[in-house]
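A.B. asks: Below you'll find my_file-v7.tsv; it's TSV, C-alpha atoms and all ligand atoms.
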```tsv
chain	number	residue	atom	x	y	z
A	1	MET	CA	71.76	-21.27	44.66
A	2	ALA	CA	72.20	-19.79	41.16
A	3	ILE	CA	70.76	-21.64	38.18
A	4	GLU	CA	71.89	-21.31	34.59
A	5	VAL	CA	70.01	-22.78	31.64
A	6	LYS	CA	71.68	-22.58	28.22
A	7	ASN	CA	70.38	-23.35	24.73
A	8	ILE	CA	67.76	-25.80	25.95
A	9	VAL	CA	65.84	-27.58	23.23
A	10	LYS	CA	63.11	-30.06	24.06
A	11	THR	CA	60.92	-31.67	21.44
A	12	PHE	CA	58.01	-34.07	21.71
A	13	GLY	CA	57.91	-35.81	18.33
A	14	SER	CA	58.26	-32.98	15.83
A	15	PHE	CA	56.90	-30.36	18.23
A	16	ALA	CA	59.38	-28.01	19.93
A	17	ALA	CA	58.15	-27.46	23.49
A	18	LEU	CA	61.33	-25.48	24.25
A	19	ASP	CA	63.20	-23.81	21.43
A	20	ASP	CA	66.68	-22.65	22.42
A	21	VAL	CA	65.94	-21.28	25.87
A	22	ASP	CA	68.55	-19.38	27.92
A	23	LEU	CA	67.90	-18.28	31.48
A	24	LYS	CA	69.97	-17.19	34.46
A	25	VAL	CA	68.44	-17.22	37.92
A	26	ALA	CA	70.41	-15.45	40.64
A	27	ASP	CA	70.85	-16.89	44.10
A	28	GLY	CA	67.85	-16.06	46.29
A	29	GLU	CA	65.61	-14.84	43.48
A	30	LEU	CA	61.89	-15.43	43.29
A	31	LEU	CA	61.29	-15.82	39.58
A	32	ALA	CA	57.98	-16.31	37.75
A	33	LEU	CA	57.65	-18.23	34.49
A	34	LEU	CA	54.61	-16.62	32.89
A	35	GLY	CA	52.93	-17.60	29.65
A	36	PRO	CA	49.80	-19.02	28.08
A	37	SER	CA	48.90	-22.68	28.21
A	38	GLY	CA	51.34	-24.78	26.20
A	39	SER	CA	54.13	-22.16	26.14
A	40	GLY	CA	56.63	-24.56	27.75
A	41	LYS	CA	56.69	-23.34	31.37
A	42	THR	CA	56.15	-26.70	33.02
A	43	THR	CA	58.57	-28.41	30.63
A	44	LEU	CA	61.28	-25.93	31.61
A	45	LEU	CA	60.52	-26.35	35.30
A	46	ARG	CA	60.67	-30.16	35.00
A	47	ILE	CA	64.03	-29.99	33.23
A	48	ILE	CA	65.47	-27.77	35.98
A	49	ALA	CA	64.04	-30.17	38.55
A	50	GLY	CA	65.55	-33.26	36.95
A	51	LEU	CA	62.16	-34.83	36.23
A	52	ASP	CA	62.76	-34.53	32.49
A	53	TRP	CA	65.78	-34.17	30.21
A	54	PRO	CA	66.37	-31.78	27.28
A	55	ASP	CA	67.35	-32.97	23.79
A	56	SER	CA	70.27	-30.56	23.95
A	57	GLY	CA	71.55	-27.67	26.06
A	58	GLU	CA	72.91	-27.24	29.55
A	59	VAL	CA	71.56	-26.82	33.07
A	60	ALA	CA	73.96	-25.76	35.82
A	61	ILE	CA	73.10	-25.39	39.48
A	62	ASP	CA	75.63	-23.39	41.46
A	63	GLY	CA	78.03	-23.66	38.52
A	64	GLU	CA	77.88	-27.48	38.35
A	65	ASN	CA	76.38	-29.48	35.52
A	66	ALA	CA	73.02	-30.68	36.85
A	67	LEU	CA	72.14	-32.92	33.89
A	68	THR	CA	74.28	-35.76	35.19
A	69	ARG	CA	72.20	-35.78	38.38
A	70	GLY	CA	68.69	-37.01	39.05
A	71	ALA	CA	65.97	-35.09	40.86
A	72	SER	CA	66.83	-36.30	44.35
A	73	GLU	CA	70.51	-35.41	43.97
A	74	ARG	CA	69.65	-31.89	42.86
A	75	GLN	CA	68.05	-31.18	46.27
A	76	VAL	CA	65.01	-29.52	44.85
A	77	GLY	CA	61.74	-28.96	46.72
A	78	PHE	CA	58.47	-29.06	44.73
A	79	VAL	CA	54.96	-27.81	45.15
A	80	PHE	CA	52.36	-28.67	42.52
A	81	GLN	CA	48.91	-27.35	41.76
A	82	HIS	CA	47.23	-30.44	43.09
A	83	TYR	CA	48.13	-31.08	46.65
A	84	ALA	CA	50.24	-34.14	46.90
A	85	LEU	CA	49.77	-34.63	50.63
A	86	PHE	CA	49.48	-38.18	51.97
A	87	ARG	CA	45.88	-38.60	52.97
A	88	HIS	CA	46.47	-41.20	55.67
A	89	MET	CA	49.09	-39.06	57.46
A	90	THR	CA	48.56	-36.12	59.78
A	91	VAL	CA	49.85	-32.70	58.81
A	92	PHE	CA	52.76	-33.24	61.20
A	93	GLU	CA	53.70	-36.58	59.61
A	94	ASN	CA	53.32	-35.17	56.10
A	95	VAL	CA	55.86	-32.47	56.88
A	96	ALA	CA	58.13	-34.96	58.67
A	97	PHE	CA	58.01	-37.43	55.77
A	98	GLY	CA	61.00	-36.13	53.79
A	99	LEU	CA	63.12	-36.12	56.94
A	100	ARG	CA	62.13	-39.65	57.98
A	101	VAL	CA	63.00	-41.20	54.60
A	102	GLN	CA	66.44	-39.63	54.35
A	103	PRO	CA	69.33	-42.11	54.09
A	104	ARG	CA	70.35	-43.44	57.50
A	105	ALA	CA	73.75	-41.73	57.35
A	106	VAL	CA	72.22	-38.24	57.24
A	107	ARG	CA	68.88	-38.88	58.97
A	108	LYS	CA	68.27	-36.73	62.03
A	109	ASP	CA	67.19	-38.19	65.39
A	110	GLU	CA	63.52	-38.08	66.38
A	111	ALA	CA	63.84	-35.02	68.64
A	112	THR	CA	65.57	-33.02	65.90
A	113	ILE	CA	62.93	-34.07	63.35
A	114	ARG	CA	60.12	-33.00	65.69
A	115	ALA	CA	61.77	-29.66	66.35
A	116	ARG	CA	62.27	-29.05	62.63
A	117	VAL	CA	58.65	-29.90	61.80
A	118	LYS	CA	57.46	-27.57	64.54
A	119	GLU	CA	59.68	-24.83	63.12
A	120	LEU	CA	58.29	-25.35	59.60
A	121	LEU	CA	54.69	-25.35	60.79
A	122	ASP	CA	55.41	-22.09	62.61
A	123	LEU	CA	56.95	-20.71	59.43
A	124	VAL	CA	53.79	-21.42	57.41
A	125	GLN	CA	51.72	-20.28	60.42
A	126	LEU	CA	49.78	-23.53	60.71
A	127	ASP	CA	51.24	-25.18	63.81
A	128	TRP	CA	47.73	-25.40	65.24
A	129	LEU	CA	46.79	-27.88	62.50
A	130	ALA	CA	49.58	-30.38	63.24
A	131	ASN	CA	47.25	-33.23	64.22
A	132	ARG	CA	44.69	-32.84	61.45
A	133	TYR	CA	44.47	-34.92	58.29
A	134	PRO	CA	44.63	-33.30	54.83
A	135	SER	CA	40.90	-33.85	54.27
A	136	GLN	CA	40.26	-31.59	57.26
A	137	LEU	CA	42.11	-28.63	55.73
A	138	SER	CA	41.06	-25.91	53.31
A	139	GLY	CA	42.72	-25.79	49.88
A	140	GLY	CA	44.90	-22.84	50.89
A	141	GLN	CA	45.99	-24.58	54.10
A	142	ARG	CA	46.91	-27.70	52.13
A	143	GLN	CA	49.14	-25.71	49.80
A	144	ARG	CA	50.89	-24.08	52.75
A	145	ILE	CA	51.48	-27.53	54.26
A	146	ALA	CA	52.73	-28.78	50.87
A	147	LEU	CA	55.20	-25.91	50.94
A	148	ALA	CA	56.31	-26.73	54.50
A	149	ARG	CA	56.82	-30.33	53.38
A	150	ALA	CA	58.88	-29.23	50.37
A	151	LEU	CA	61.05	-27.05	52.63
A	152	ALA	CA	61.65	-29.80	55.21
A	153	ILE	CA	64.62	-31.28	53.36
A	154	GLU	CA	66.23	-27.83	53.15
A	155	PRO	CA	66.15	-27.73	49.37
A	156	ARG	CA	68.69	-25.68	47.48
A	157	ILE	CA	65.96	-24.67	45.06
A	158	LEU	CA	62.20	-24.45	45.38
A	159	LEU	CA	60.04	-25.08	42.30
A	160	LEU	CA	56.33	-24.33	42.32
A	161	ASP	CA	54.05	-25.31	39.44
A	162	GLU	CA	50.83	-23.27	39.54
A	163	PRO	CA	50.82	-23.71	43.32
A	164	PHE	CA	47.64	-21.68	43.77
A	165	GLY	CA	45.99	-22.69	40.51
A	166	ALA	CA	43.22	-24.73	42.08
A	167	LEU	CA	42.20	-22.14	44.68
A	168	ASP	CA	39.52	-19.49	44.54
A	169	ALA	CA	40.45	-15.90	43.69
A	170	LYS	CA	40.38	-14.53	47.24
A	171	VAL	CA	42.54	-17.30	48.72
A	172	ARG	CA	44.94	-17.02	45.78
A	173	LYS	CA	45.44	-13.34	46.54
A	174	GLU	CA	46.12	-14.01	50.20
A	175	LEU	CA	48.60	-16.76	49.40
A	176	ARG	CA	50.48	-14.58	46.93
A	177	GLN	CA	51.26	-12.05	49.62
A	178	TRP	CA	52.05	-14.85	52.01
A	179	LEU	CA	54.50	-16.48	49.55
A	180	ARG	CA	56.18	-13.13	48.96
A	181	SER	CA	56.78	-12.56	52.66
A	182	LEU	CA	57.76	-16.19	53.25
A	183	HIS	CA	60.38	-15.84	50.53
A	184	ASN	CA	61.66	-12.63	52.13
A	185	GLU	CA	62.20	-14.67	55.27
A	186	ILE	CA	63.89	-17.75	53.80
A	187	HIS	CA	65.50	-16.47	50.57
A	188	VAL	CA	65.68	-19.86	48.88
A	189	THR	CA	66.07	-19.55	45.10
A	190	SER	CA	62.54	-20.15	43.84
A	191	ILE	CA	60.87	-20.47	40.46
A	192	PHE	CA	57.13	-20.57	40.10
A	193	VAL	CA	55.02	-21.25	37.04
A	194	THR	CA	51.84	-19.33	36.45
A	195	HIS	CA	49.62	-18.28	33.57
A	196	ASP	CA	48.15	-15.51	35.72
A	197	GLN	CA	49.90	-12.22	34.93
A	198	GLU	CA	48.68	-10.48	38.05
A	199	GLU	CA	50.12	-13.27	40.18
A	200	ALA	CA	53.49	-13.09	38.41
A	201	LEU	CA	53.72	-9.29	38.66
A	202	GLU	CA	52.68	-9.23	42.29
A	203	VAL	CA	54.88	-12.00	43.63
A	204	ALA	CA	58.09	-12.26	41.59
A	205	ASN	CA	61.30	-10.20	41.61
A	206	ARG	CA	61.67	-10.97	37.93
A	207	VAL	CA	59.25	-12.29	35.37
A	208	VAL	CA	60.11	-14.52	32.41
A	209	VAL	CA	57.43	-14.21	29.74
A	210	MET	CA	57.21	-17.28	27.49
A	211	ASP	CA	55.33	-18.06	24.30
A	212	LYS	CA	55.57	-21.06	21.99
A	213	GLY	CA	58.67	-22.52	23.62
A	214	LYS	CA	60.63	-19.27	23.56
A	215	ILE	CA	61.39	-16.55	26.06
A	216	GLU	CA	59.86	-13.29	24.86
A	217	GLN	CA	61.16	-11.05	27.66
A	218	ILE	CA	62.84	-11.24	31.04
A	219	GLY	CA	62.51	-8.28	33.36
A	220	SER	CA	61.23	-6.85	36.61
A	221	PRO	CA	57.43	-6.63	36.91
A	222	GLY	CA	57.71	-2.90	36.15
A	223	GLU	CA	59.82	-3.50	33.05
A	224	VAL	CA	57.60	-6.10	31.46
A	225	TYR	CA	54.50	-4.04	32.17
A	226	ASP	CA	55.81	-0.59	31.19
A	227	ASN	CA	58.25	-1.58	28.46
A	228	PRO	CA	56.96	-4.73	26.79
A	229	ALA	CA	59.64	-5.91	24.36
A	230	THR	CA	57.26	-7.51	21.86
A	231	ALA	CA	53.70	-7.33	20.66
A	232	PHE	CA	53.06	-10.65	22.38
A	233	VAL	CA	54.18	-9.33	25.80
A	234	HIS	CA	52.11	-6.16	25.39
A	235	GLY	CA	49.05	-8.19	24.51
A	236	PHE	CA	49.55	-10.78	27.24
A	237	ILE	CA	50.31	-8.47	30.17
A	238	GLY	CA	47.71	-5.90	31.06
A	239	GLU	CA	44.65	-5.29	28.94
A	240	SER	CA	45.53	-3.69	25.64
A	241	ILE	CA	43.66	-2.06	22.82
A	242	VAL	CA	45.22	-3.18	19.53
A	243	LEU	CA	44.58	-1.23	16.33
A	244	PRO	CA	45.96	-1.99	12.86
A	245	VAL	CA	47.86	1.07	11.59
A	246	ASP	CA	50.23	2.11	8.82
A	247	VAL	CA	53.49	3.83	9.56
A	248	ALA	CA	55.10	6.12	6.97
A	249	GLY	CA	58.15	7.92	8.32
A	250	ASP	CA	56.96	9.53	11.55
A	251	ALA	CA	53.31	9.52	10.52
A	252	VAL	CA	50.82	6.96	11.78
A	253	ARG	CA	47.55	6.32	9.97
A	254	LEU	CA	44.48	4.34	10.92
A	255	ASP	CA	42.24	3.41	8.01
A	256	GLY	CA	44.07	5.95	5.86
A	257	ARG	CA	43.42	8.83	8.28
A	258	PRO	CA	46.36	10.49	10.09
A	259	LEU	CA	46.35	9.95	13.87
A	260	ASN	CA	48.64	12.84	14.83
A	261	ILE	CA	50.77	10.74	17.12
A	262	PRO	CA	54.50	10.17	16.55
A	263	ALA	CA	55.60	6.73	15.29
A	264	LEU	CA	58.19	6.45	18.11
A	265	GLY	CA	60.77	4.99	15.75
A	266	ALA	CA	58.58	2.17	14.41
A	267	ALA	CA	59.59	0.95	10.93
A	268	SER	CA	57.46	2.08	7.98
A	269	GLY	CA	54.80	-0.36	6.85
A	270	ALA	CA	51.91	-2.25	8.36
A	271	ALA	CA	51.97	-2.13	12.16
A	272	LYS	CA	49.90	-2.52	15.30
A	273	LEU	CA	49.25	0.23	17.79
A	274	PHE	CA	49.03	-1.04	21.38
A	275	VAL	CA	47.48	1.11	24.11
A	276	ARG	CA	46.48	-0.01	27.58
A	277	ARG	CA	42.83	0.61	28.30
A	278	HIS	CA	43.60	3.10	31.03
A	279	ASP	CA	46.17	4.92	28.88
A	280	MET	CA	43.54	6.17	26.43
A	281	ALA	CA	42.48	9.64	27.53
A	282	ILE	CA	38.89	10.55	26.75
A	283	GLY	CA	37.87	14.12	25.90
A	284	PRO	CA	35.33	16.19	23.96
A	285	ALA	CA	34.79	15.48	20.24
A	286	GLY	CA	37.61	16.70	18.02
A	287	SER	CA	40.14	17.07	20.87
A	288	GLY	CA	42.14	13.87	20.38
A	289	ALA	CA	43.55	11.45	17.82
A	290	LEU	CA	40.50	9.19	17.42
A	291	ASP	CA	36.85	10.21	17.34
A	292	GLY	CA	34.10	7.82	18.30
A	293	ALA	CA	30.71	7.29	19.90
A	294	ILE	CA	30.19	5.67	23.29
A	295	ARG	CA	27.97	2.63	22.94
A	296	HIS	CA	27.87	1.34	26.45
A	297	VAL	CA	29.26	2.19	29.90
A	298	ARG	CA	29.76	-0.07	32.92
A	299	SER	CA	31.00	1.34	36.20
A	300	PHE	CA	32.70	-0.66	38.92
A	301	GLY	CA	34.88	0.53	41.78
A	302	PRO	CA	37.00	3.49	40.79
A	303	ILE	CA	36.65	3.05	37.01
A	304	GLN	CA	34.10	3.18	34.25
A	305	ARG	CA	34.63	0.96	31.24
A	306	ALA	CA	33.28	2.46	28.03
A	307	GLU	CA	32.75	0.71	24.72
A	308	VAL	CA	33.59	3.18	21.98
A	309	ALA	CA	32.77	2.68	18.29
A	310	LEU	CA	35.46	4.50	16.33
A	311	ALA	CA	34.42	6.87	13.56
A	312	GLY	CA	35.52	6.06	10.04
A	313	ASP	CA	34.68	2.48	9.23
A	314	ALA	CA	30.94	2.61	9.80
A	315	GLY	CA	31.47	1.98	13.52
A	316	LYS	CA	32.86	-1.50	12.97
A	317	THR	CA	35.91	-0.99	15.17
A	318	VAL	CA	34.82	-1.05	18.79
A	319	ILE	CA	37.31	-0.68	21.62
A	320	GLU	CA	37.01	-0.70	25.39
A	321	ILE	CA	38.65	1.99	27.46
A	322	ASP	CA	38.90	2.50	31.22
A	323	ALA	CA	38.34	6.00	32.55
A	324	PRO	CA	38.33	7.35	36.11
A	325	ARG	CA	34.90	8.25	37.46
A	326	ASP	CA	35.52	11.98	37.77
A	327	ARG	CA	32.88	12.60	35.10
A	328	GLU	CA	30.21	9.98	34.38
A	329	LEU	CA	30.23	9.01	30.69
A	330	GLN	CA	26.97	8.47	28.84
A	331	ALA	CA	26.00	6.04	26.08
A	332	GLY	CA	25.51	7.99	22.83
A	333	GLU	CA	28.09	10.65	23.70
A	334	ILE	CA	30.49	11.62	20.90
A	335	VAL	CA	34.02	11.69	22.28
A	336	SER	CA	37.62	11.85	21.23
A	337	LEU	CA	40.42	9.54	22.39
A	338	GLN	CA	44.10	10.28	22.79
A	339	PRO	CA	46.69	7.60	23.59
A	340	ARG	CA	48.78	8.88	26.52
A	341	ARG	CA	51.26	6.00	26.35
A	342	TYR	CA	51.43	3.54	23.51
A	343	ARG	CA	53.75	1.24	21.57
A	344	ILE	CA	53.85	0.46	17.88
A	345	PHE	CA	55.08	-2.96	16.73
A	346	ALA	CA	55.53	-4.13	13.15
A	347	ALA	CA	52.49	-6.16	12.08
A	348	GLN	CA	54.43	-9.41	11.62
A	349	ASP	CA	55.77	-9.38	15.23
B	401	LIG	N1	55.06	-35.69	27.55
B	401	LIG	C1	54.64	-34.94	26.51
B	401	LIG	N2	54.37	-35.49	25.31
B	401	LIG	C2	54.01	-34.72	24.24
B	401	LIG	N3	53.83	-33.39	24.30
B	401	LIG	C3	54.06	-32.79	25.48
B	401	LIG	C4	54.48	-33.52	26.64
B	401	LIG	N4	54.64	-32.63	27.66
B	401	LIG	C5	54.34	-31.42	27.16
B	401	LIG	N5	54.00	-31.50	25.86
B	401	LIG	C6	53.63	-30.37	24.98
B	401	LIG	O1	54.61	-29.37	25.08
B	401	LIG	C7	54.00	-28.08	25.12
B	401	LIG	C8	54.46	-27.35	26.37
B	401	LIG	O2	53.85	-27.95	27.48
B	401	LIG	P1	54.02	-27.37	28.96
B	401	LIG	O3	53.30	-28.27	29.90
B	401	LIG	O4	55.45	-27.10	29.22
B	401	LIG	O5	53.25	-25.99	28.82
B	401	LIG	P2	52.81	-24.97	29.94
B	401	LIG	O6	53.27	-23.64	29.46
B	401	LIG	O7	53.29	-25.42	31.27
B	401	LIG	O8	51.25	-25.05	29.82
B	401	LIG	P3	50.09	-25.13	30.98
B	401	LIG	O9	49.99	-23.74	31.52
B	401	LIG	O10	48.90	-25.54	30.19
B	401	LIG	O11	50.54	-26.14	31.96
B	401	LIG	C9	52.49	-28.31	25.04
B	401	LIG	O12	52.07	-28.09	23.71
B	401	LIG	C10	52.33	-29.76	25.44
B	401	LIG	O13	51.23	-30.32	24.78
```
Would you write the structure of this file as structure tokens?
Ligand SMILES: Nc1ncnc2c1ncn2[C@@H]1O[C@H](COP(=O)(O)OP(=O)(O)OP(=O)(O)O)[C@@H](O)[C@H]1O
C.D. replies:
Amino acid sequence: MAIEVKNIVKTFGSFAALDDVDLKVADGELLALLGPSGSGKTTLLRIIAGLDWPDSGEVAIDGENALTRGASERQVGFVFQHYALFRHMTVFENVAFGLRVQPRAVRKDEATIRARVKELLDLVQLDWLANRYPSQLSGGQRQRIALARALAIEPRILLLDEPFGALDAKVRKELRQWLRSLHNEIHVTSIFVTHDQEEALEVANRVVVMDKGKIEQIGSPGEVYDNPATAFVHGFIGESIVLPVDVAGDAVRLDGRPLNIPALGAASGAAKLFVRRHDMAIGPAGSGALDGAIRHVRSFGPIQRAEVALAGDAGKTVIEIDAPRDRELQAGEIVSLQPRRYRIFAAQD
């Protein structure tokens, strides 16, 4: 089911939680709303769900105005961060719940309900837990059951608000892959909220990056990572080194010294140079754009992370770069850094 959100404004008192938001979600997409705490993700999700209403703007589901309909009429399935399973019901009854409380006219008979629950438990690969109670499940299992329960009513749209937020890192990772393959199987239009960039990039077809009630960029995981549209997106996704620079024509200067890298079309004036940690090549002194001294090196897995104090301002600017471990770096070494890929944004962005 396609969703279209147009010019949504939502204020709480004088605070704009959503400030003129437009978004189109295609049928069958798995979309992530990604942004820092307070950026408006949950507010947007609640408005699409019919749990909250905007001050102005439009929400259409499958081309029809959804704002005249409440949550139940929109046929939306939800999964929240904190499991909302009924503690006194077995897993089986939790999943059956939505089907049992349907209006009499559309309610299925008992045999059909049982078959459907069995099918859903198979889908989330937890049929062996049917007779347990929620307190007897792990956190990850509870979230999978919560998802089975949300899917029971055959929702037109599935909305997930930080569904894995309360789980430990390893389980989160497993569930991401699981959600991805589950979505490949069922194709229901799904939107999930997360503040975890890795989660958004790994799971979603498209990522909507939000900040302060506005959409900063919408794109595939590759697009938002490789071509961040704004300084905010560059800083939020991936780990970036940010240096204050001056642009004059095609020349870029740091602390008054030329860097010998092209300005890539950035406007003249005060700007910020953004480089991902792994995009800063490290070579012998004098070979690159920035000279510095290594202060500290930590190695883990395939990378070594070096703290480098840049030459020029009495070593006050210290950056962290990630290098492969083909040559072990040493504290005290004088090196030179060269940005392989970088972006320059005007300072006020
Ligand atoms: N009912 C409310 N009353 C007043 N302010 C609210 C209300 N709901 C949300 N807000 C404010 O609106 C802003 C956006 O909140 P929202 O929950 O949408 O952010 P979020 O991006 O989902 O953040 P988080 O990741 O922390 O959940 C926040 O500053 C929040 O304090």
A.B. asks: Grab me every residue within 9 Å of ligand LIG 401 (chain B), counting only C-alpha atoms and all ligand atoms, and send it over as a PyMOL selection string.
C.D. replies: chain A and resi 10-13+15-18+33-46+161-162+193-195+210-213
A.B. asks: Give me, as a VMD selection string, all polymer residues having an atom no more than 9 Å from Glu216 (chain A), counting only C-alpha atoms and skipping those fewer than 4 positions away in the same chain.
C.D. replies: chain A and resid 208 to 211 229 to 230 232 to 233
A.B. asks: Quick one: residues within 9 Å of Arg325 (chain A), only C-alpha atoms counted, chain neighbours fewer than 4 positions away excluded, as a list in words?
C.D. replies: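 Selected residues are Ser299, Gly301, Pro302, Ile303, Gln304 and Leu329 of chain A.
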A.B. asks: Okay, now the selection with C-alpha atoms, as a compact mmCIF listing (two decimals), keeping the file's coordinate frame?
C.D. replies:
```
# COMPACT_ATOMS: atom_id res chain seq x y z
CA SER A 299 31.00 1.34 36.20
CA GLY A 301 34.88 0.53 41.78
CA PRO A 302 37.00 3.49 40.79
CA ILE A 303 36.65 3.05 37.01
CA GLN A 304 34.10 3.18 34.25
CA LEU A 329 30.23 9.01 30.69
```
A.B. asks: Nearest to Arg132 (chain A) among A:Leu151, A:Val91, A:Leu85, A:Val275, with distances taken over all atoms listed in the file: which residue is it?
C.D. replies: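 The answer is A:Val91, which sits nearest to Arg132 (chain A).
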A.B. asks: Return the single residue from A:Ala169, A:Ala115, A:Leu182, A:Ala231 that is closest to Leu147 (chain A), with distances computed using only C-alpha atoms.
C.D. replies: A:Leu182
A.B. asks: Could you give me, as an mmCIF file with C-alpha atoms, keeping the file's coordinate frame, the residues within 9 Å of region 311-322 of chain A, counting all atoms listed in the file and dropping anything in the same chain fewer than 5 positions from it?
C.D. replies:
```
data_model
loop_
_atom_site.group_PDB
_atom_site.id
_atom_site.type_symbol
_atom_site.label_atom_id
_atom_site.label_comp_id
_atom_site.auth_asym_id
_atom_site.auth_seq_id
_atom_site.Cartn_x
_atom_site.Cartn_y
_atom_site.Cartn_z
ATOM 1 C CA ILE A 241 43.660 -2.060 22.820
ATOM 2 C CA VAL A 242 45.220 -3.180 19.530
ATOM 3 C CA LEU A 243 44.580 -1.230 16.330
ATOM 4 C CA ASP A 255 42.240 3.410 8.010
ATOM 5 C CA ARG A 257 43.420 8.830 8.280
ATOM 6 C CA ARG A 276 46.480 -0.010 27.580
ATOM 7 C CA ARG A 277 42.830 0.610 28.300
ATOM 8 C CA HIS A 278 43.600 3.100 31.030
ATOM 9 C CA ASP A 279 46.170 4.920 28.880
ATOM 10 C CA MET A 280 43.540 6.170 26.430
ATOM 11 C CA ALA A 281 42.480 9.640 27.530
ATOM 12 C CA ILE A 282 38.890 10.550 26.750
ATOM 13 C CA LEU A 290 40.500 9.190 17.420
ATOM 14 C CA ASP A 291 36.850 10.210 17.340
ATOM 15 C CA GLY A 292 34.100 7.820 18.300
ATOM 16 C CA ALA A 293 30.710 7.290 19.900
ATOM 17 C CA ARG A 295 27.970 2.630 22.940
ATOM 18 C CA ILE A 303 36.650 3.050 37.010
ATOM 19 C CA GLN A 304 34.100 3.180 34.250
ATOM 20 C CA ARG A 305 34.630 0.960 31.240
ATOM 21 C CA ALA A 306 33.280 2.460 28.030
#
```
A.B. asks: In Å, with one decimal, what is the gap from CA of Asn227 (chain A) to CA of Leu201 (chain A)?
C.D. replies: 13.6 Å
A.B. asks: Neighbourhood query: residues within 8 Å of (70.4, -34.7, 33.4), file coordinates, counting all atoms listed in the file; return as a list in words.
C.D. replies: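 Nearby residues: Ile47, Gly50, Asp52, Trp53, Pro54, Val59, Ala66, Leu67, Thr68, Arg69 and Gly70 of chain A.
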A.B. asks: Here is a test: counting all atoms listed in the file, which residue of A:Ile237, A:Val224, A:Ala96, A:Val76 is nearest to Gln197 (chain A)?
C.D. replies: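 When distances to Gln197 (chain A) are compared using all atoms listed in the file, the smallest one comes from A:Ile237.
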A.B. asks: I'd like the neighbourhood of Val79 (chain A) as a PyMOL selection string, where a residue qualifies if any of its atoms comes within 9 Å (using all atoms listed in the file), though same-chain residues fewer than 6 positions away should be ignored.
C.D. replies: chain A and resi 143+146-147+149-150+158-163
A.B. asks: My list of candidates is A:Ala270, A:Ala111, A:Ala71, A:Leu121. Which is closest to Asn94 (chain A) when distances are computed with all atoms listed in the file?
C.D. replies: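 Checking each candidate against Asn94 (chain A), we get A:Leu121 as the closest.
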A.B. asks: Can you tell me which residues surround region 25-32 of chain A at a distance of at most 8 Å, considering only C-alpha atoms, apart from same-chain residues fewer than 4 positions away, and format the answer as a PyMOL selection string?
C.D. replies: chain A and resi 1-4+183+187-194+200+203-208
A.B. asks: As lines of an AutoDock Vina configuration file, please report the centre and edge lengths, rounded to one decimal in Å, of the axis-aligned box that holds all listed atoms of region 163-177 of chain A with 4 Å of padding on each of the six sides.
C.D. replies:
```
center_x = 45.4
center_y = -18.4
center_z = 45.4
size_x = 19.7
size_y = 20.7
size_z = 17.7
```
A.B. asks: In Å, rounded to a single decimal, give me how far CA of Phe236 (chain A) is from CA of Tyr342 (chain A).
C.D. replies: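 Interatomic distance, CA of Tyr342 (chain A) to CA of Phe236 (chain A): 14.9 Å.
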A.B. asks: To one decimal place in Å, what is the distance between CA of Gln136 (chain A) and CA of His82 (chain A)?
C.D. replies: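 Distance reported for this atom pair: 15.8 Å.
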A.B. asks: Determine the nearest neighbour of Val9 (chain A) from the options A:Asp326, A:Phe274, A:Asp62, A:Lys214, counting only C-alpha atoms.
C.D. replies: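 Counting only C-alpha atoms, the residue closest to Val9 (chain A) is A:Lys214.
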A.B. asks: Starting from the sparse input, extend region 137-146 of chain A to N, CA and C atoms and give the output as a PDB file, keeping the file's coordinate frame.
C.D. replies:
```pdb
ATOM      1  N   LEU A 137      41.519 -29.965  55.977  1.00  0.00           N
ATOM      2  CA  LEU A 137      42.110 -28.630  55.730  1.00  0.00           C
ATOM      3  C   LEU A 137      41.431 -27.961  54.546  1.00  0.00           C
ATOM      4  N   SER A 138      41.522 -26.634  54.507  1.00  0.00           N
ATOM      5  CA  SER A 138      41.060 -25.910  53.310  1.00  0.00           C
ATOM      6  C   SER A 138      42.132 -26.047  52.231  1.00  0.00           C
ATOM      7  N   GLY A 139      41.769 -25.706  50.992  1.00  0.00           N
ATOM      8  CA  GLY A 139      42.720 -25.790  49.880  1.00  0.00           C
ATOM      9  C   GLY A 139      43.972 -24.954  50.126  1.00  0.00           C
ATOM     10  N   GLY A 140      43.768 -23.737  50.633  1.00  0.00           N
ATOM     11  CA  GLY A 140      44.900 -22.840  50.890  1.00  0.00           C
ATOM     12  C   GLY A 140      45.807 -23.405  51.987  1.00  0.00           C
ATOM     13  N   GLN A 141      45.180 -23.987  53.016  1.00  0.00           N
ATOM     14  CA  GLN A 141      45.990 -24.580  54.100  1.00  0.00           C
ATOM     15  C   GLN A 141      46.798 -25.759  53.563  1.00  0.00           C
ATOM     16  N   ARG A 142      46.188 -26.550  52.688  1.00  0.00           N
ATOM     17  CA  ARG A 142      46.910 -27.700  52.130  1.00  0.00           C
ATOM     18  C   ARG A 142      48.141 -27.254  51.349  1.00  0.00           C
ATOM     19  N   GLN A 143      47.985 -26.164  50.586  1.00  0.00           N
ATOM     20  CA  GLN A 143      49.140 -25.710  49.800  1.00  0.00           C
ATOM     21  C   GLN A 143      50.243 -25.171  50.712  1.00  0.00           C
ATOM     22  N   ARG A 144      49.850 -24.568  51.828  1.00  0.00           N
ATOM     23  CA  ARG A 144      50.890 -24.080  52.750  1.00  0.00           C
ATOM     24  C   ARG A 144      51.600 -25.258  53.408  1.00  0.00           C
ATOM     25  N   ILE A 145      50.837 -26.327  53.691  1.00  0.00           N
ATOM     26  CA  ILE A 145      51.480 -27.530  54.260  1.00  0.00           C
ATOM     27  C   ILE A 145      52.380 -28.186  53.205  1.00  0.00           C
ATOM     28  N   ALA A 146      51.906 -28.199  51.943  1.00  0.00           N
ATOM     29  CA  ALA A 146      52.730 -28.780  50.870  1.00  0.00           C
ATOM     30  C   ALA A 146      54.054 -28.011  50.775  1.00  0.00           C
TER      31      ALA A 146
END
```
